[in-house]
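S.K.: Pasting target.cif here (mmCIF, C-alpha atoms and all ligand atoms):
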data_entry
#
loop_
_atom_site.group_PDB
_atom_site.id
_atom_site.type_symbol
_atom_site.label_atom_id
_atom_site.label_comp_id
_atom_site.auth_asym_id
_atom_site.auth_seq_id
_atom_site.Cartn_x
_atom_site.Cartn_y
_atom_site.Cartn_z
ATOM 1 C CA PRO A 1 -13.313 -11.697 21.194
ATOM 2 C CA SER A 2 -11.907 -13.847 18.422
ATOM 3 C CA THR A 3 -8.277 -13.744 17.344
ATOM 4 C CA LEU A 4 -9.399 -12.337 14.038
ATOM 5 C CA ARG A 5 -11.050 -9.390 15.675
ATOM 6 C CA THR A 6 -7.944 -8.635 17.776
ATOM 7 C CA THR A 7 -5.828 -8.646 14.638
ATOM 8 C CA SER A 8 -8.046 -6.225 12.808
ATOM 9 C CA ILE A 9 -8.102 -3.846 15.779
ATOM 10 C CA SER A 10 -4.307 -3.718 15.963
ATOM 11 C CA VAL A 11 -4.176 -3.169 12.206
ATOM 12 C CA ASP A 12 -6.489 -0.186 12.618
ATOM 13 C CA ARG A 13 -4.134 1.370 15.124
ATOM 14 C CA VAL A 14 -1.337 2.127 12.655
ATOM 15 C CA THR A 15 -0.533 5.820 12.548
ATOM 16 C CA TRP A 16 1.611 8.126 10.431
ATOM 17 C CA SER A 17 4.484 7.776 12.878
ATOM 18 C CA ASP A 18 4.660 4.031 12.152
ATOM 19 C CA ILE A 19 5.799 4.880 8.619
ATOM 20 C CA GLY A 20 9.349 6.167 8.206
ATOM 21 C CA GLY A 21 10.038 8.809 5.558
ATOM 22 C CA LEU A 22 7.659 9.404 2.641
ATOM 23 C CA ASP A 23 6.671 12.856 3.904
ATOM 24 C CA GLU A 24 5.645 14.013 0.455
ATOM 25 C CA VAL A 25 3.515 10.942 -0.250
ATOM 26 C CA LYS A 26 1.875 11.204 3.169
ATOM 27 C CA GLN A 27 0.985 14.837 2.521
ATOM 28 C CA LYS A 28 -0.396 14.181 -0.950
ATOM 29 C CA LEU A 29 -2.444 11.263 0.318
ATOM 30 C CA GLN A 30 -3.878 13.375 3.092
ATOM 31 C CA GLN A 31 -4.897 16.027 0.610
ATOM 32 C CA ALA A 32 -6.427 13.530 -1.780
ATOM 33 C CA VAL A 33 -8.118 11.304 0.755
ATOM 34 C CA GLU A 34 -8.582 12.947 4.123
ATOM 35 C CA TRP A 35 -9.530 16.443 3.075
ATOM 36 C CA PRO A 36 -12.561 15.461 1.001
ATOM 37 C CA ILE A 37 -13.738 13.213 3.833
ATOM 38 C CA ILE A 38 -13.052 15.500 6.778
ATOM 39 C CA HIS A 39 -14.059 18.709 4.965
ATOM 40 C CA ARG A 40 -16.850 17.148 2.963
ATOM 41 C CA ASP A 41 -19.275 20.040 3.313
ATOM 42 C CA THR A 42 -16.654 22.609 2.373
ATOM 43 C CA PHE A 43 -15.755 20.628 -0.708
ATOM 44 C CA ALA A 44 -19.413 20.465 -1.689
ATOM 45 C CA ARG A 45 -19.918 24.185 -1.018
ATOM 46 C CA LEU A 46 -16.913 25.103 -3.163
ATOM 47 C CA GLY A 47 -18.007 22.734 -5.879
ATOM 48 C CA LEU A 48 -14.762 20.781 -5.562
ATOM 49 C CA ALA A 49 -14.947 17.231 -6.778
ATOM 50 C CA ALA A 50 -13.316 14.706 -4.499
ATOM 51 C CA PRO A 51 -11.088 12.224 -6.281
ATOM 52 C CA ARG A 52 -12.770 8.867 -6.817
ATOM 53 C CA GLY A 53 -9.708 6.788 -7.294
ATOM 54 C CA VAL A 54 -6.099 7.018 -6.152
ATOM 55 C CA LEU A 55 -3.487 4.657 -7.513
ATOM 56 C CA LEU A 56 -0.323 3.992 -5.544
ATOM 57 C CA TYR A 57 2.531 2.403 -7.422
ATOM 58 C CA GLY A 58 6.094 1.562 -6.588
ATOM 59 C CA PRO A 59 8.432 -1.259 -5.665
ATOM 60 C CA PRO A 60 7.204 -3.974 -3.280
ATOM 61 C CA GLY A 61 7.642 -3.674 0.473
ATOM 62 C CA CYS A 62 7.699 0.126 0.559
ATOM 63 C CA SER A 63 4.484 0.570 2.567
ATOM 64 C CA LYS A 64 1.735 1.135 0.026
ATOM 65 C CA THR A 65 -0.637 -1.083 1.996
ATOM 66 C CA THR A 66 0.344 0.472 5.310
ATOM 67 C CA LEU A 67 -0.241 3.990 3.955
ATOM 68 C CA VAL A 68 -3.799 3.098 2.988
ATOM 69 C CA LYS A 69 -4.505 1.540 6.374
ATOM 70 C CA VAL A 70 -3.265 4.683 8.117
ATOM 71 C CA ILE A 71 -5.331 6.893 5.845
ATOM 72 C CA ALA A 72 -8.456 4.866 6.593
ATOM 73 C CA SER A 73 -7.944 4.947 10.335
ATOM 74 C CA THR A 74 -6.969 8.630 10.619
ATOM 75 C CA SER A 75 -9.800 9.825 8.400
ATOM 76 C CA GLY A 76 -12.367 7.685 10.185
ATOM 77 C CA ALA A 77 -13.438 6.077 6.917
ATOM 78 C CA SER A 78 -14.600 2.483 6.877
ATOM 79 C CA PHE A 79 -12.041 0.248 5.208
ATOM 80 C CA HIS A 80 -12.881 -2.446 2.666
ATOM 81 C CA SER A 81 -9.982 -4.439 1.346
ATOM 82 C CA VAL A 82 -9.967 -6.619 -1.757
ATOM 83 C CA ASN A 83 -6.926 -8.484 -2.970
ATOM 84 C CA GLY A 84 -6.790 -8.445 -6.744
ATOM 85 C CA ALA A 85 -5.074 -11.802 -7.029
ATOM 86 C CA ALA A 86 -7.321 -13.544 -4.493
ATOM 87 C CA LEU A 87 -10.447 -12.205 -6.137
ATOM 88 C CA TYR A 88 -10.695 -14.966 -8.673
ATOM 89 C CA SER A 89 -12.721 -17.876 -7.462
ATOM 90 C CA PRO A 90 -13.113 -21.039 -9.502
ATOM 91 C CA PHE A 91 -16.776 -20.153 -9.946
ATOM 92 C CA VAL A 92 -17.298 -17.758 -12.780
ATOM 93 C CA GLY A 93 -19.417 -14.849 -11.644
ATOM 94 C CA ASP A 94 -18.406 -14.950 -8.007
ATOM 95 C CA SER A 95 -15.619 -12.439 -8.388
ATOM 96 C CA GLU A 96 -17.905 -9.967 -10.141
ATOM 97 C CA ARG A 97 -20.430 -10.368 -7.370
ATOM 98 C CA GLU A 98 -17.653 -9.817 -4.841
ATOM 99 C CA ILE A 99 -16.851 -6.467 -6.464
ATOM 100 C CA ARG A 100 -20.476 -5.360 -6.523
ATOM 101 C CA THR A 101 -21.029 -6.446 -2.917
ATOM 102 C CA THR A 102 -17.913 -4.613 -1.796
ATOM 103 C CA PHE A 103 -19.066 -1.378 -3.438
ATOM 104 C CA ALA A 104 -22.551 -1.787 -1.967
ATOM 105 C CA ARG A 105 -21.095 -2.272 1.506
ATOM 106 C CA ALA A 106 -18.813 0.716 1.023
ATOM 107 C CA ARG A 107 -21.717 2.936 -0.069
ATOM 108 C CA ALA A 108 -23.733 1.846 2.935
ATOM 109 C CA SER A 109 -20.914 2.715 5.342
ATOM 110 C CA ALA A 110 -19.595 5.890 3.714
ATOM 111 C CA PRO A 111 -17.299 7.669 4.110
ATOM 112 C CA SER A 112 -15.329 4.651 3.064
ATOM 113 C CA ILE A 113 -12.213 3.486 1.310
ATOM 114 C CA ILE A 114 -12.118 0.439 -0.926
ATOM 115 C CA PHE A 115 -8.585 -0.836 -1.203
ATOM 116 C CA PHE A 116 -7.604 -2.992 -4.166
ATOM 117 C CA ASP A 117 -4.227 -4.496 -3.422
ATOM 118 C CA GLU A 118 -2.426 -5.997 -6.435
ATOM 119 C CA VAL A 119 -4.909 -4.169 -8.632
ATOM 120 C CA ASP A 120 -2.856 -5.245 -11.670
ATOM 121 C CA ALA A 121 -4.252 -8.760 -11.243
ATOM 122 C CA ILE A 122 -7.679 -7.319 -12.039
ATOM 123 C CA VAL A 123 -6.628 -4.966 -14.752
ATOM 124 C CA GLY A 124 -4.280 -7.121 -16.776
ATOM 125 C CA LYS A 125 -3.313 -5.253 -19.900
ATOM 126 C CA ARG A 126 -5.097 -7.487 -22.396
ATOM 127 C CA SER A 127 -8.430 -7.255 -20.669
ATOM 128 C CA LEU A 128 -7.925 -3.550 -20.209
ATOM 129 C CA GLU A 129 -7.552 -2.979 -23.906
ATOM 130 C CA LYS A 130 -10.712 -4.923 -24.542
ATOM 131 C CA ALA A 131 -12.705 -3.237 -21.805
ATOM 132 C CA SER A 132 -11.784 0.174 -23.100
ATOM 133 C CA GLY A 133 -13.069 -0.795 -26.494
ATOM 134 C CA GLY A 134 -9.666 -1.375 -28.078
ATOM 135 C CA GLY A 135 -10.232 -5.069 -28.738
ATOM 136 C CA SER A 136 -12.872 -7.037 -30.530
ATOM 137 C CA GLY A 137 -14.526 -8.189 -27.278
ATOM 138 C CA GLY A 138 -15.590 -4.749 -26.041
ATOM 139 C CA ARG A 139 -17.183 -4.643 -22.607
ATOM 140 C CA GLY A 140 -18.911 -7.939 -23.236
ATOM 141 C CA GLY A 141 -15.740 -10.056 -23.437
ATOM 142 C CA ASP A 142 -16.109 -13.452 -21.951
ATOM 143 C CA SER A 143 -13.006 -14.130 -19.897
ATOM 144 C CA VAL A 144 -13.548 -13.906 -16.161
ATOM 145 C CA GLN A 145 -10.896 -11.235 -15.962
ATOM 146 C CA GLU A 146 -12.638 -9.061 -18.524
ATOM 147 C CA ARG A 147 -15.932 -9.332 -16.713
ATOM 148 C CA VAL A 148 -14.349 -8.521 -13.372
ATOM 149 C CA LEU A 149 -12.646 -5.470 -14.816
ATOM 150 C CA SER A 150 -15.863 -4.442 -16.444
ATOM 151 C CA ALA A 151 -17.699 -4.732 -13.123
ATOM 152 C CA LEU A 152 -15.003 -2.636 -11.447
ATOM 153 C CA LEU A 153 -15.147 0.092 -14.087
ATOM 154 C CA ASN A 154 -18.943 0.183 -13.953
ATOM 155 C CA GLU A 155 -18.934 0.501 -10.189
ATOM 156 C CA MET A 156 -16.305 3.241 -10.318
ATOM 157 C CA ASP A 157 -18.301 5.119 -12.937
ATOM 158 C CA GLY A 158 -21.343 4.822 -10.694
ATOM 159 C CA ILE A 159 -19.753 6.328 -7.615
ATOM 160 C CA GLU A 160 -21.083 9.746 -6.775
ATOM 161 C CA ALA A 161 -18.074 11.666 -5.522
ATOM 162 C CA ALA A 162 -20.212 13.377 -2.907
ATOM 163 C CA ARG A 163 -21.131 10.058 -1.360
ATOM 164 C CA GLY A 164 -17.668 9.656 0.027
ATOM 165 C CA VAL A 165 -16.512 6.369 -1.437
ATOM 166 C CA LEU A 166 -12.902 6.380 -2.520
ATOM 167 C CA VAL A 167 -11.158 3.580 -4.369
ATOM 168 C CA VAL A 168 -7.457 3.156 -3.721
ATOM 169 C CA GLY A 169 -5.478 0.743 -5.827
ATOM 170 C CA ALA A 170 -1.916 -0.443 -5.241
ATOM 171 C CA THR A 171 0.454 -2.060 -7.698
ATOM 172 C CA ASN A 172 4.115 -2.941 -8.147
ATOM 173 C CA ARG A 173 3.584 -2.987 -11.895
ATOM 174 C CA PRO A 174 3.668 0.491 -13.424
ATOM 175 C CA ASP A 175 3.475 -1.058 -16.891
ATOM 176 C CA MET A 176 -0.083 -2.075 -16.019
ATOM 177 C CA ILE A 177 -1.153 1.505 -15.519
ATOM 178 C CA ASP A 178 -3.335 1.894 -18.512
ATOM 179 C CA ALA A 179 -5.625 4.357 -20.179
ATOM 180 C CA ALA A 180 -8.991 2.843 -19.252
ATOM 181 C CA LEU A 181 -8.297 3.187 -15.543
ATOM 182 C CA MET A 182 -6.818 6.648 -15.844
ATOM 183 C CA ARG A 183 -9.899 8.311 -17.258
ATOM 184 C CA PRO A 184 -11.275 11.179 -15.156
ATOM 185 C CA GLY A 185 -13.456 9.856 -12.401
ATOM 186 C CA ARG A 186 -11.551 6.600 -12.161
ATOM 187 C CA PHE A 187 -7.983 6.532 -10.851
ATOM 188 C CA ASP A 188 -7.506 10.237 -11.241
ATOM 189 C CA ARG A 189 -4.648 10.640 -8.769
ATOM 190 C CA ILE A 190 -1.502 8.642 -9.256
ATOM 191 C CA LEU A 191 1.135 8.601 -6.575
ATOM 192 C CA TYR A 192 4.566 7.031 -6.710
ATOM 193 C CA VAL A 193 5.654 5.443 -3.441
ATOM 194 C CA PRO A 194 9.443 5.442 -3.774
ATOM 195 C CA PRO A 195 12.014 3.240 -2.048
ATOM 196 C CA PRO A 196 13.233 4.735 1.236
ATOM 197 C CA SER A 197 15.869 7.480 1.115
ATOM 198 C CA GLN A 198 18.753 7.357 3.562
ATOM 199 C CA GLU A 199 16.851 9.596 5.998
ATOM 200 C CA ALA A 200 13.780 7.364 5.664
ATOM 201 C CA ARG A 201 15.880 4.247 6.270
ATOM 202 C CA HIS A 202 17.225 5.843 9.428
ATOM 203 C CA GLN A 203 13.688 6.550 10.610
ATOM 204 C CA ILE A 204 12.530 3.038 9.744
ATOM 205 C CA LEU A 205 15.417 1.473 11.697
ATOM 206 C CA LYS A 206 14.499 3.676 14.656
ATOM 207 C CA ILE A 207 10.881 2.566 14.456
ATOM 208 C CA TYR A 208 11.746 -1.141 14.515
ATOM 209 C CA THR A 209 14.368 -0.901 17.274
ATOM 210 C CA LYS A 210 12.227 1.343 19.464
ATOM 211 C CA SER A 211 11.415 -1.367 21.963
ATOM 212 C CA MET A 212 14.685 -3.333 21.611
ATOM 213 C CA PRO A 213 17.593 -3.127 24.025
ATOM 214 C CA VAL A 214 20.229 -1.864 21.601
ATOM 215 C CA SER A 215 23.910 -1.602 22.549
ATOM 216 C CA PRO A 216 25.599 1.828 22.260
ATOM 217 C CA ASP A 217 27.963 0.359 19.652
ATOM 218 C CA VAL A 218 25.063 0.259 17.172
ATOM 219 C CA ASP A 219 24.886 3.377 15.017
ATOM 220 C CA LEU A 220 21.608 3.326 13.111
ATOM 221 C CA LYS A 221 22.636 6.354 11.085
ATOM 222 C CA ILE A 222 25.642 4.478 9.718
ATOM 223 C CA ILE A 223 23.537 1.388 9.004
ATOM 224 C CA SER A 224 21.078 3.546 7.076
ATOM 225 C CA GLY A 225 23.887 4.655 4.734
ATOM 226 C CA GLU A 226 25.274 3.138 1.555
ATOM 227 C CA ARG A 227 25.066 -0.350 3.005
ATOM 228 C CA THR A 228 21.271 -0.440 2.996
ATOM 229 C CA ASN A 229 20.875 1.493 -0.225
ATOM 230 C CA ARG A 230 18.721 -1.196 -1.894
ATOM 231 C CA TYR A 231 16.736 -2.241 1.150
ATOM 232 C CA THR A 232 12.983 -1.673 1.301
ATOM 233 C CA GLY A 233 11.085 -0.813 4.489
ATOM 234 C CA ALA A 234 10.054 -4.459 4.695
ATOM 235 C CA ASP A 235 13.716 -5.534 4.337
ATOM 236 C CA LEU A 236 14.789 -3.174 7.126
ATOM 237 C CA LYS A 237 12.052 -4.491 9.368
ATOM 238 C CA ALA A 238 13.409 -8.000 8.674
ATOM 239 C CA VAL A 239 16.984 -6.847 9.418
ATOM 240 C CA CYS A 240 15.940 -5.543 12.850
ATOM 241 C CA ARG A 241 14.069 -8.734 13.611
ATOM 242 C CA GLU A 242 17.015 -10.836 12.459
ATOM 243 C CA ALA A 243 19.487 -8.807 14.543
ATOM 244 C CA ALA A 244 17.346 -9.384 17.614
ATOM 245 C CA MET A 245 17.198 -13.101 16.820
ATOM 246 C CA GLU A 246 20.993 -13.174 16.489
ATOM 247 C CA ALA A 247 21.333 -11.587 19.913
ATOM 248 C CA LEU A 248 18.884 -14.052 21.348
ATOM 249 C CA ARG A 249 20.613 -17.056 19.811
ATOM 250 C CA GLU A 250 23.930 -15.939 21.248
ATOM 251 C CA SER A 251 22.809 -15.236 24.771
ATOM 252 C CA MET A 252 19.407 -16.550 25.683
ATOM 253 C CA GLY A 253 17.898 -14.168 28.152
ATOM 254 C CA VAL A 254 20.474 -11.371 28.031
ATOM 255 C CA GLY A 255 19.744 -10.318 24.490
ATOM 256 C CA VAL A 256 21.252 -6.875 24.014
ATOM 257 C CA VAL A 257 21.428 -6.220 20.289
ATOM 258 C CA GLN A 258 24.959 -5.294 19.270
ATOM 259 C CA ARG A 259 26.653 -4.094 16.141
ATOM 260 C CA LYS A 260 27.867 -7.604 15.272
ATOM 261 C CA HIS A 261 24.256 -8.808 15.343
ATOM 262 C CA PHE A 262 23.282 -6.153 12.824
ATOM 263 C CA ASP A 263 26.291 -7.136 10.691
ATOM 264 C CA ALA A 264 25.071 -10.734 10.689
ATOM 265 C CA ALA A 265 21.498 -9.653 9.995
ATOM 266 C CA LEU A 266 22.562 -7.548 7.017
ATOM 267 C CA LYS A 267 24.273 -10.613 5.572
ATOM 268 C CA ALA A 268 21.243 -12.801 6.199
ATOM 269 C CA VAL A 269 18.665 -10.382 4.788
ATOM 270 C CA THR A 270 19.456 -9.452 1.212
ATOM 271 C CA PRO A 271 17.922 -6.330 -0.337
ATOM 272 C CA THR A 272 14.791 -6.700 -2.434
ATOM 273 C CA LEU A 273 15.644 -3.827 -4.749
ATOM 274 C CA SER A 274 18.119 -3.809 -7.613
ATOM 275 C CA ASP A 275 19.064 -1.199 -10.195
ATOM 276 C CA GLU A 276 17.424 -3.404 -12.795
ATOM 277 C CA MET A 277 14.147 -3.482 -10.869
ATOM 278 C CA LEU A 278 14.156 0.245 -10.130
ATOM 279 C CA LYS A 279 14.567 1.083 -13.823
ATOM 280 C CA GLN A 280 10.879 0.410 -14.437
ATOM 281 C CA TYR A 281 9.672 3.137 -12.068
HETATM 282 P P1 LIG A 301 3.658 -5.044 -1.458
HETATM 283 O O1 LIG A 301 3.669 -4.266 -2.723
HETATM 284 O O2 LIG A 301 4.704 -6.134 -1.404
HETATM 285 O O3 LIG A 301 2.297 -5.450 -0.984
HETATM 286 P P2 LIG A 301 3.659 -2.691 0.122
HETATM 287 O O4 LIG A 301 4.356 -1.591 -0.618
HETATM 288 O O5 LIG A 301 2.181 -2.684 0.162
HETATM 289 O O6 LIG A 301 4.221 -4.066 -0.354
HETATM 290 P P3 LIG A 301 3.554 -2.961 2.976
HETATM 291 O O7 LIG A 301 2.828 -4.257 2.927
HETATM 292 O O8 LIG A 301 2.819 -1.768 3.446
HETATM 293 O O9 LIG A 301 4.244 -2.651 1.581
HETATM 294 O O10 LIG A 301 4.894 -3.082 3.825
HETATM 295 C C1 LIG A 301 5.513 -4.307 4.081
HETATM 296 C C2 LIG A 301 6.059 -4.271 5.492
HETATM 297 O O11 LIG A 301 7.185 -3.399 5.584
HETATM 298 C C3 LIG A 301 5.039 -3.774 6.497
HETATM 299 O O12 LIG A 301 5.169 -4.522 7.665
HETATM 300 C C4 LIG A 301 5.450 -2.345 6.732
HETATM 301 O O13 LIG A 301 5.113 -1.938 8.014
HETATM 302 C C5 LIG A 301 6.957 -2.370 6.508
HETATM 303 N N1 LIG A 301 7.387 -1.088 5.927
HETATM 304 C C6 LIG A 301 7.552 -0.811 4.617
HETATM 305 N N2 LIG A 301 7.909 0.478 4.430
HETATM 306 C C7 LIG A 301 7.981 1.031 5.661
HETATM 307 C C8 LIG A 301 8.271 2.340 6.150
HETATM 308 N N3 LIG A 301 8.588 3.353 5.309
HETATM 309 N N4 LIG A 301 8.223 2.536 7.484
HETATM 310 C C9 LIG A 301 7.902 1.542 8.340
HETATM 311 N N5 LIG A 301 7.595 0.293 7.943
HETATM 312 C C10 LIG A 301 7.633 0.029 6.624
#
Just give me the structure as structure tokens.
M.R.:
Amino acid sequence: PSTLRTTSISVDRVTWSDIGGLDEVKQKLQQAVEWPIIHRDTFARLGLAAPRGVLLYGPPGCSKTTLVKVIASTSGASFHSVNGAALYSPFVGDSEREIRTTFARARASAPSIIFFDEVDAIVGKRSLEKASGGGSGGRGGDSVQERVLSALLNEMDGIEAARGVLVVGATNRPDMIDAALMRPGRFDRILYVPPPSQEARHQILKIYTKSMPVSPDVDLKIISGERTNRYTGADLKAVCREAAMEALRESMGVGVVQRKHFDAALKAVTPTLSDEMLKQY
């Protein structure tokens, strides 16, 4: 098996317990995504429409991508991932084709989840206004971005809810959340993925030190306090890695991670979040 294949298998193995905190988001995602897939017949019998699109927004590094991967693997849906920023090829037309092909593949392997990471790159505000008819260009605008957005909206409009294709978008840019994408039948569920609370930070630190020899002088509960207030899940993962590296540097081979190593790691890894940044959410 190729390296690539191994990587994608390990990615598929992420479970809810790999994500610290976020109990409310996890529950809402399960309701929005898993229920319609797992209880598809019941939904149909009750005449309940499954959501077609779920948009996750929130600060970077707080596990939006990981949540979607877990949802795909626990619900047994096939997973199709498209990066909004990487979508643009130098050849006009290719990115539209990419969108159509992705939806076709997803329909053929339903139930399925199409994940648009950095969806704001596709739905830049200017093109959004035009695509929703607000600008002079209408749906027929000629920038690549407008055509890509148009292709996305058309595909989303064409999804039959009963066919079990769900689009999940993720963005760090709440200001990009705009009317055209929020219409019923498009991104009709919007979930905020917040920065980790103190309890969540404690859980995250536990997750990433699980298989580390940690000295009894390390108190993860204390580390998860005020001191890591502006750290994201990704930052905390980096802190644990850095602490282990500190221990390794100091004593090759012995490597028990002590409090002083965490102190050094917390100096080396600065928090991603700031009050200024959090204001926009
Ligand atoms: P971005 O917006 O930058 O793409 P994201 O919100 O999609 O970020 P992920 O890519 O899912 O975040 O997370 C980044 C890394 O941090 C991943 O390795 C993830 O496992 C880890 N991480 C983030 N939040 C948590 C958490 N609550 N529990 C465990 N790991 C987390």
S.K.: Using the chain letters and residue numbers of this document, give as a PyMOL selection string the residues selected by the PyMOL selection byres (((not hetatm)) within 10 of (chain A and resi 301)).
M.R.: chain A and resi 14+16-23+56-69+83+117-118+170-173+193-197+200-208+231-238
S.K.: Those same residues, written as a short mmCIF file (atom, residue, chain, number, x, y, z; two decimals), in the frame of the given file with C-alpha atoms?
M.R.:
data_model
loop_
_atom_site.label_atom_id
_atom_site.label_comp_id
_atom_site.auth_asym_id
_atom_site.auth_seq_id
_atom_site.Cartn_x
_atom_site.Cartn_y
_atom_site.Cartn_z
CA VAL A 14 -1.34 2.13 12.66
CA TRP A 16 1.61 8.13 10.43
CA SER A 17 4.48 7.78 12.88
CA ASP A 18 4.66 4.03 12.15
CA ILE A 19 5.80 4.88 8.62
CA GLY A 20 9.35 6.17 8.21
CA GLY A 21 10.04 8.81 5.56
CA LEU A 22 7.66 9.40 2.64
CA ASP A 23 6.67 12.86 3.90
CA LEU A 56 -0.32 3.99 -5.54
CA TYR A 57 2.53 2.40 -7.42
CA GLY A 58 6.09 1.56 -6.59
CA PRO A 59 8.43 -1.26 -5.66
CA PRO A 60 7.20 -3.97 -3.28
CA GLY A 61 7.64 -3.67 0.47
CA CYS A 62 7.70 0.13 0.56
CA SER A 63 4.48 0.57 2.57
CA LYS A 64 1.74 1.14 0.03
CA THR A 65 -0.64 -1.08 2.00
CA THR A 66 0.34 0.47 5.31
CA LEU A 67 -0.24 3.99 3.96
CA VAL A 68 -3.80 3.10 2.99
CA LYS A 69 -4.50 1.54 6.37
CA ASN A 83 -6.93 -8.48 -2.97
CA ASP A 117 -4.23 -4.50 -3.42
CA GLU A 118 -2.43 -6.00 -6.44
CA ALA A 170 -1.92 -0.44 -5.24
CA THR A 171 0.45 -2.06 -7.70
CA ASN A 172 4.12 -2.94 -8.15
CA ARG A 173 3.58 -2.99 -11.90
CA VAL A 193 5.65 5.44 -3.44
CA PRO A 194 9.44 5.44 -3.77
CA PRO A 195 12.01 3.24 -2.05
CA PRO A 196 13.23 4.74 1.24
CA SER A 197 15.87 7.48 1.12
CA ALA A 200 13.78 7.36 5.66
CA ARG A 201 15.88 4.25 6.27
CA HIS A 202 17.23 5.84 9.43
CA GLN A 203 13.69 6.55 10.61
CA ILE A 204 12.53 3.04 9.74
CA LEU A 205 15.42 1.47 11.70
CA LYS A 206 14.50 3.68 14.66
CA ILE A 207 10.88 2.57 14.46
CA TYR A 208 11.75 -1.14 14.52
CA TYR A 231 16.74 -2.24 1.15
CA THR A 232 12.98 -1.67 1.30
CA GLY A 233 11.08 -0.81 4.49
CA ALA A 234 10.05 -4.46 4.70
CA ASP A 235 13.72 -5.53 4.34
CA LEU A 236 14.79 -3.17 7.13
CA LYS A 237 12.05 -4.49 9.37
CA ALA A 238 13.41 -8.00 8.67
#
S.K.: Mind listing whatever residues come within 7 Å of the point (19.1, -8.5, 19.5)? Use only C-alpha atoms, file coordinates, and give them as a ChimeraX atom specification.
M.R.: /A:243-248,255-258,261
S.K.: If the PyMOL selection byres (((chain A and resi 71) around 8) and not hetatm) were run on this exact file, what residues would it hold? Put them as a compact mmCIF listing (two decimals) with C-alpha atoms, in the frame of the given file.
M.R.:
# COMPACT_ATOMS: atom_id res chain seq x y z
CA LEU A 29 -2.44 11.26 0.32
CA GLN A 30 -3.88 13.38 3.09
CA VAL A 33 -8.12 11.30 0.76
CA GLU A 34 -8.58 12.95 4.12
CA LEU A 67 -0.24 3.99 3.96
CA VAL A 68 -3.80 3.10 2.99
CA LYS A 69 -4.50 1.54 6.37
CA VAL A 70 -3.26 4.68 8.12
CA ALA A 72 -8.46 4.87 6.59
CA SER A 73 -7.94 4.95 10.34
CA THR A 74 -6.97 8.63 10.62
CA SER A 75 -9.80 9.82 8.40
S.K.: Grab the atom CA of A:Leu166 to atom CA of A:Val144 distance for me, in Å with one decimal place.
M.R.: 24.5 Å
S.K.: Select, from A:Ala44, A:Thr272, A:Arg163, A:Ala86, the residue with the minimum atom-to-atom distance to A:Val119, counting all atoms listed in the file.
M.R.: A:Ala86
S.K.: What is the distance, in Å and to one decimal place, between atom CA of A:Ile190 and atom CA of A:Leu149?
M.R.: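 We find that atom CA of A:Ile190 and atom CA of A:Leu149 lie 18.8 Å from each other.
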S.K.: Dump as an MDAnalysis selection string all residues having an atom at most 9 Å from (9.5, 2.5, -14.9), computed in the file's coordinates with all atoms listed in the file.
M.R.: chainID A and resid 173:175 277:281
S.K.: Between atom CA of A:Ser95 and atom CA of A:Asn154, what is the distance in Å, rounded to a tenth?
M.R.: 14.2 Å
S.K.: On this structure, the PyMOL selection byres (((chain A and resi 221-224) around 6) and not hetatm) would catch which residues? List them as a list of chain:residue names, sorted by chain and number.
M.R.: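 Applied to this file, the PyMOL selection byres (((chain A and resi 221-224) around 6) and not hetatm) returns A:Gln198, A:Arg201, A:His202, A:Asp219, A:Leu220, A:Gly225, A:Thr228.
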S.K.: Given all atoms listed in the file as the basis, pick out the residue of A:Arg241, A:Arg227, A:Arg189, A:Lys210 nearest to A:Ala32.
M.R.: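 Ranked by minimum distance to A:Ala32, first place goes to A:Arg189.
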S.K.: Using all atoms listed in the file for the distances, tell me which of A:Met156, A:Ile122, A:Val165, A:Ala151 is nearest to A:Ala108.
M.R.: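 Ranked by minimum distance to A:Ala108, first place goes to A:Val165.
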S.K.: Between A:Trp35, A:Phe262, A:Phe79, A:Tyr88, which residue has the minimum interatomic distance to A:Glu146, considering only C-alpha atoms?
M.R.: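 Checking each candidate against A:Glu146, we get A:Tyr88 as the closest.
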S.K.: Counting only C-alpha atoms, which of A:Glu226, A:Met252, A:Gln145, A:His80 gets nearest to A:Asp94?
M.R.: A:Gln145
